[in-house]
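Data first, discussion second: the structure below is written as structure tokens.
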2 protein chains.
Amino acid sequence: MVTIIDVAKKANVSKSTVSQYLNKRYKYMSLETKARINEAIEELNYIPNHVGRSLRQKKTAMIGVIVANILHNFSTQFTRGIEDICNEHGIQVILCNADDNPIKERHYIEMLKARQVDGLFVFPTGDNHDLYEEMLKANFPLVFIDRFVDELDIDAVLIDNFKATSLAVEHFKSNVFKNMGILTTTLVNQVTTRIERIEGFKKALSHHNLPFHQEWINGVEILSMQRLLECMFSKQKKPEAILAGNDLTLTEILKFAKNKGYKIPQDFALIAIDHITYASHYDPTITTIVQPVDYLTQEAFKLMNRKMKCKSNENLKPKEIIRVPPELLVRQSSLNTKQSKESGEDGI
Amino acid sequence: MVTIIDVAKKANVSKSTVSQYLNKRYKYMSLETKARINEAIEELNYIPNHVGRSLRQKKTAMIGVIVANILHNFSTQFTRGIEDICNEHGIQVILCNADDNPIKERHYIEMLKARQVDGLFVFPTGDNHDLYEEMLKANFPLVFIDRFVDELDIDAVLIDNFKATSLAVEHFKSNVFKNMGILTTTLVNQVTTRIERIEGFKKALSHHNLPFHQEWINGVEILSMQRLLECMFSKQKKPEAILAGNDLTLTEILKFAKNKGYKIPQDFALIAIDHITYASHYDPTITTIVQPVDYLTQEAFKLMNRKMKCKSNENLKPKEIIRVPPELLVRQSSLNTKQSKESGEDGI
DNA sequence: CTGAAAGCGCTTACAG
DNA sequence: CTGAAAGCGCTTACAG
């Protein structure tokens, strides 16, 4: 392992000077010295040890990302996006998957703090308020993604869930569907997301004077979804249109339709929130409401960057919740075949 | 920030003793000292700084994973699996996406080495032989995944491509398809994977005395696939069955079928290599050849672990290429509707 | 059973 | 314009 001392010896300077060179502080450096150091580095194939630097500088140029559940496509999208941006800034990303498990989340937060990451993006599982609060007090750069915690003044970036649900309801309405429901995943602690999507859906129904059916408004665990759907569709009165709250829910609904022989959109119309890889070639093509992930990651990074830069609490703005606007991509699954015969934007 | 010195002061011992405690070397430690240190740690809410430890111990308990292209589902599967195992061993994973770009790959390798990762899993893009060789010489723990480089003695873990392609060919044959083709992605440098799947396919054809059609055996860039498929299907003689070399290729084939109105398996049968999320509820359900990811990650970790443990070259085994056996999951897309009416294993 | 000292590879005032 | 010294937070022989 070649170190800064080896370079210094070879170039006949002190390690201080080599360090100046490495940090591009050329101001007072003679061209000749610069050239000699450069040469030594090349010859020795020297790569500065980031651990030494991190210890001394008390920063690591690493940030942690703890996703609640890596199986959601959105987690992967966010990770890719943020990694790209961080990479441009010389920051490395450590990815952790809490698996919807607050205990794992706690473990990762502690691990990442021990590793002295400069900041943390968390999709909070919602059960480690003491840890969050501690980090907040210590002024540790922390940004929540996709979810936030009401009681804590921690910044967050997330989709505008009210906009998303109302886009869905309006689109269903304009396709002359009246009786609609929403299905989404939920865990006991993910209060915000669940409340927002479900509340947003209810609000939109009432705003548009659409009938309200409590039994079609559900947030349940993935494992209960087949049973719930069977139950819903065994009744006399069935929903005409369903909004899937996320990609994993969509999978369950499609499985259900396939197994029971329901045709979409003839038997029920369908919209899914989230980017769905196969949306444009599924049969039928699937109407989706997508998050502008690029914009979202940019905003998230901006927030983080500001926090990483300011050391004192003083120049901090109050809690900021950034809501990015979702977009409706109309395809076949949500079109009323009895009313209109046009196909989706990139359909058949 | 509380350090080991704060703990030492509070517990009235030296920092050496605290360090012994932290490293669970209790052998010569009085119970009373132990209790005092434990108490001090609790009270101060002390978390040992991993950077200091890393610098001193010359190891970081971090490993890097550089995937060639994160869009392949297999990359995500591998990452999840290896992260789980590493986590059990107290190792953190840093994930990087080379985006099929050797320049990015080089950049990441250098970055991760500067960060002193203890080992590296790489899905090699195939164009940084000098770097690989350098690491090999330096006895740096390096394991290739999914691909390997012929000329270099670097261990690798990958699917048995010959088995995979022959499973597909045999299954097609037993469904009385004769005229089959293979389509897969390729980049100039991914020589091994491409050769193996294409060679394996050819071998299986000849082994089973099946007709060989050079024009149906292709490895091209994703962006050229639609054009290629159009061309293939515009000819008088069309393939009866197609093997998709991976998930991204499958997407292109499904898009093509959808856009051109081809029915699967009536117009052509289809098998895909890789785990496909929607395989079991797509219409038709899709026959796949999946990699045993758990087994694969375990083998990969075992190799890595062995390399991380032995310092000298001496007790190293010669180059090891571990090939994990793929599994065929029969569903509807590959069944000959003219011959048999049974449906897939988990289909309608 | 415990502590003083050295050192991991860097950076950063500061002196000259 | 360059270098000596101190120190970041740990661990590890070694001494007692």
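Starting from 1 in every chain, residues are counted up; chains themselves are A, B, ... following the order of the structure tokens, and ligands are numbered from 1 as listed.
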Problem - Residue set, range 12-247 of chain A restricted to helix (DSSP H, G or I), as a PyMOL selection string - result: chain A and resi 15-22+31-44+50-57+73-88+102-114+129-137+161-174+191-207+214-216+222-234+247
Practice task
Identify all chain D residues at most 7 Å from chain A by counting only C-alpha atoms (C1' of nucleotides); ligands do not count. Present them as number ranges by chain.
Solution key: D: 1-3, 8
Distance-based interface of chain A with chain B, 7 Å, counting only C-alpha atoms, as a CSV table (one decimal) with C-alpha atoms, in the first residue's frame:
```
chain,number,residue,atom,x,y,z
A,47,ILE,CA,-4.5,6.6,-4.6
A,48,PRO,CA,-5.2,8.7,-1.5
A,49,ASN,CA,-6.7,6.8,1.4
A,50,HIS,CA,-10.1,8.1,2.0
A,51,VAL,CA,-10.3,6.7,5.5
A,52,GLY,CA,-7.4,8.8,6.7
A,55,LEU,CA,-11.0,10.8,10.1
A,93,VAL,CA,-24.2,6.2,-1.4
A,94,ILE,CA,-24.7,3.3,1.0
A,95,LEU,CA,-28.0,1.5,0.5
A,114,ALA,CA,-21.1,4.8,13.5
A,115,ARG,CA,-19.7,5.0,10.0
A,254,LEU,CA,-53.8,-8.3,-11.6
A,255,LYS,CA,-53.3,-11.8,-10.1
A,258,LYS,CA,-56.3,-13.4,-13.8
A,259,ASN,CA,-57.3,-16.1,-11.4
A,281,HIS,CA,-47.3,-3.7,-23.0
A,283,ASP,CA,-52.9,-6.6,-21.9
A,348,ILE,CA,-52.4,-1.4,-29.3
```
Practice task
Find the residues near range 297-313 of chain A: any atom within 10 Å, counting only C-alpha atoms (C1' of nucleotides), skip ones fewer than 2 places away on the same chain, and give them as a ChimeraX atom specification.
Solution key: /A:63,77-86,89,118-121,136-145,155-158,292-295,315-317,320,322-324
Handout entry: Residue contacts of DC14 in chain C (12 Å, only C-alpha atoms (C1' of nucleotides)) excluding same-chain residues fewer than 4 positions away, as a ChimeraX atom specification
Key = /D:3-6
Practice task
as an NGL selection string, please: all residues of range 81-306 of chain B that backbone DSSP puts in strand (DSSP E or B).
Solution key: :B and (92-97 or 119-122 or 142-145 or 156-159 or 180-185 or 217-220 or 241-244 or 269-273 or 287-290)
Keeping only N, CA and C atoms, write those residues as a compact mmCIF listing (two decimals), in the first residue's frame.
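out_21.txt was written with the following content:
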```txt
# COMPACT_ATOMS: atom_id res chain seq x y z
N GLN B 92 -20.98 -3.85 5.59
CA GLN B 92 -21.86 -2.95 4.88
C GLN B 92 -21.58 -3.03 3.38
N VAL B 93 -22.62 -2.84 2.59
CA VAL B 93 -22.48 -2.92 1.14
C VAL B 93 -22.60 -1.54 0.51
N ILE B 94 -21.69 -1.21 -0.38
CA ILE B 94 -21.84 0.01 -1.18
C ILE B 94 -22.20 -0.42 -2.59
N LEU B 95 -23.31 0.09 -3.08
CA LEU B 95 -23.80 -0.32 -4.39
C LEU B 95 -23.49 0.72 -5.45
N CYS B 96 -22.93 0.29 -6.56
CA CYS B 96 -22.65 1.21 -7.66
C CYS B 96 -23.18 0.61 -8.96
N ASN B 97 -23.63 1.48 -9.84
CA ASN B 97 -24.20 1.05 -11.10
C ASN B 97 -23.34 1.55 -12.26
N GLY B 119 -13.46 -5.75 -0.08
CA GLY B 119 -13.64 -6.65 -1.21
C GLY B 119 -14.59 -6.04 -2.21
N LEU B 120 -14.66 -6.68 -3.38
CA LEU B 120 -15.43 -6.10 -4.47
C LEU B 120 -16.10 -7.20 -5.27
N PHE B 121 -17.41 -7.08 -5.41
CA PHE B 121 -18.13 -7.92 -6.37
C PHE B 121 -18.36 -7.08 -7.62
N VAL B 122 -17.97 -7.60 -8.75
CA VAL B 122 -18.13 -6.83 -9.98
C VAL B 122 -18.84 -7.67 -11.04
N LEU B 142 -11.56 -10.03 -5.01
CA LEU B 142 -12.38 -9.62 -6.14
C LEU B 142 -13.12 -10.85 -6.65
N VAL B 143 -14.42 -10.74 -6.76
CA VAL B 143 -15.21 -11.85 -7.30
C VAL B 143 -16.10 -11.32 -8.41
N PHE B 144 -16.04 -11.96 -9.54
CA PHE B 144 -16.91 -11.57 -10.65
C PHE B 144 -18.26 -12.25 -10.49
N ILE B 145 -19.30 -11.55 -10.90
CA ILE B 145 -20.64 -12.12 -10.87
C ILE B 145 -21.22 -12.09 -12.28
N ALA B 156 -15.31 -16.46 -10.29
CA ALA B 156 -16.60 -15.93 -10.73
C ALA B 156 -17.71 -16.88 -10.34
N VAL B 157 -18.88 -16.31 -10.14
CA VAL B 157 -20.08 -17.10 -9.87
C VAL B 157 -21.12 -16.68 -10.91
N LEU B 158 -21.63 -17.66 -11.61
CA LEU B 158 -22.61 -17.31 -12.64
C LEU B 158 -23.54 -18.48 -12.91
N ILE B 159 -24.61 -18.18 -13.59
CA ILE B 159 -25.56 -19.20 -13.97
C ILE B 159 -24.91 -20.14 -14.98
N MET B 180 -36.72 -22.69 -33.89
CA MET B 180 -36.60 -21.77 -32.77
C MET B 180 -35.41 -20.82 -32.90
N GLY B 181 -35.55 -19.70 -32.19
CA GLY B 181 -34.49 -18.70 -32.20
C GLY B 181 -34.21 -18.20 -30.79
N ILE B 182 -33.13 -17.45 -30.67
CA ILE B 182 -32.78 -16.83 -29.39
C ILE B 182 -32.49 -15.37 -29.63
N LEU B 183 -32.94 -14.54 -28.72
CA LEU B 183 -32.64 -13.12 -28.82
C LEU B 183 -32.12 -12.67 -27.46
N THR B 184 -31.03 -11.96 -27.47
CA THR B 184 -30.51 -11.44 -26.21
C THR B 184 -29.83 -10.11 -26.44
N THR B 185 -29.63 -9.41 -25.35
CA THR B 185 -28.92 -8.13 -25.44
C THR B 185 -27.45 -8.40 -25.60
N ILE B 217 -30.78 -16.19 -34.55
CA ILE B 217 -29.88 -16.26 -33.40
C ILE B 217 -29.17 -14.91 -33.28
N ASN B 218 -29.62 -14.10 -32.31
CA ASN B 218 -29.15 -12.72 -32.29
C ASN B 218 -28.85 -12.19 -30.90
N GLY B 219 -27.82 -11.40 -30.85
CA GLY B 219 -27.53 -10.60 -29.67
C GLY B 219 -27.33 -9.17 -30.13
N VAL B 220 -28.29 -8.32 -29.82
CA VAL B 220 -28.21 -6.92 -30.29
C VAL B 220 -28.58 -5.97 -29.16
N ALA B 241 -40.75 -20.48 -32.01
CA ALA B 241 -40.47 -20.36 -30.58
C ALA B 241 -39.23 -19.48 -30.39
N ILE B 242 -39.29 -18.65 -29.38
CA ILE B 242 -38.17 -17.74 -29.13
C ILE B 242 -37.76 -17.81 -27.66
N LEU B 243 -36.46 -17.82 -27.46
CA LEU B 243 -35.91 -17.74 -26.11
C LEU B 243 -35.40 -16.32 -25.88
N ALA B 244 -35.93 -15.66 -24.84
CA ALA B 244 -35.46 -14.31 -24.50
C ALA B 244 -34.30 -14.46 -23.51
N ALA B 269 -44.08 -19.31 -29.55
CA ALA B 269 -43.91 -19.66 -28.14
C ALA B 269 -42.76 -18.85 -27.56
N LEU B 270 -42.73 -18.75 -26.24
CA LEU B 270 -41.76 -17.85 -25.62
C LEU B 270 -41.30 -18.37 -24.26
N ILE B 271 -40.00 -18.33 -24.06
CA ILE B 271 -39.42 -18.60 -22.74
C ILE B 271 -38.46 -17.46 -22.44
N ALA B 272 -38.40 -17.06 -21.19
CA ALA B 272 -37.45 -16.01 -20.81
C ALA B 272 -36.50 -16.52 -19.73
N ILE B 273 -35.24 -16.18 -19.88
CA ILE B 273 -34.28 -16.44 -18.81
C ILE B 273 -34.35 -15.24 -17.86
N THR B 287 -43.39 -18.70 -19.26
CA THR B 287 -42.42 -19.71 -18.85
C THR B 287 -41.06 -19.04 -18.66
N THR B 288 -40.44 -19.32 -17.53
CA THR B 288 -39.16 -18.68 -17.27
C THR B 288 -38.10 -19.70 -16.85
N ILE B 289 -36.87 -19.30 -17.01
CA ILE B 289 -35.74 -20.07 -16.50
C ILE B 289 -35.05 -19.19 -15.48
N VAL B 290 -35.18 -19.57 -14.22
CA VAL B 290 -34.70 -18.66 -13.17
C VAL B 290 -33.39 -19.14 -12.56
```
Practice task
Excluding Ile5 in chain A and any residue of its chain fewer than 3 positions from it, enumerate the residues within 9 Å of it, using only C-alpha atoms (C1' of nucleotides), and give them as a PyMOL selection string.
Solution key: (chain A and resi 2+8-10+14-15+18) or (chain C and resi 9)
Practice task
Please measure the separation of CA of Thr192 in chain A and CA of Arg147 in chain A, giving the value in Å to one decimal.
Solution key: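 It comes out at 6.3 Å.
One finds CA of Arg25 in chain A at 21.4 Å from CA of Glu43 in chain A.
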List as a PDB file with C-alpha atoms, in the first residue's frame the protein and nucleic acid residues near Gln266 in chain B, meaning an atom at most 8 Å away when only C-alpha atoms (C1' of nucleotides) are counted, but skip any in the same chain fewer than 2 places from it.
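Written output follows (result_0.pdb):
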```pdb
ATOM      1  CA  LYS B 263     -50.568 -13.961 -29.924  1.00  0.00           C
ATOM      2  CA  ILE B 264     -48.335 -15.954 -27.599  1.00  0.00           C
ATOM      3  CA  PHE B 268     -44.852 -17.983 -31.386  1.00  0.00           C
ATOM      4  CA  ALA B 269     -43.910 -19.661 -28.144  1.00  0.00           C
ATOM      5  CA  ASN B 336     -48.035 -25.771 -27.956  1.00  0.00           C
ATOM      6  CA  THR B 337     -51.775 -25.154 -28.153  1.00  0.00           C
TER       7      THR B 337
END
```
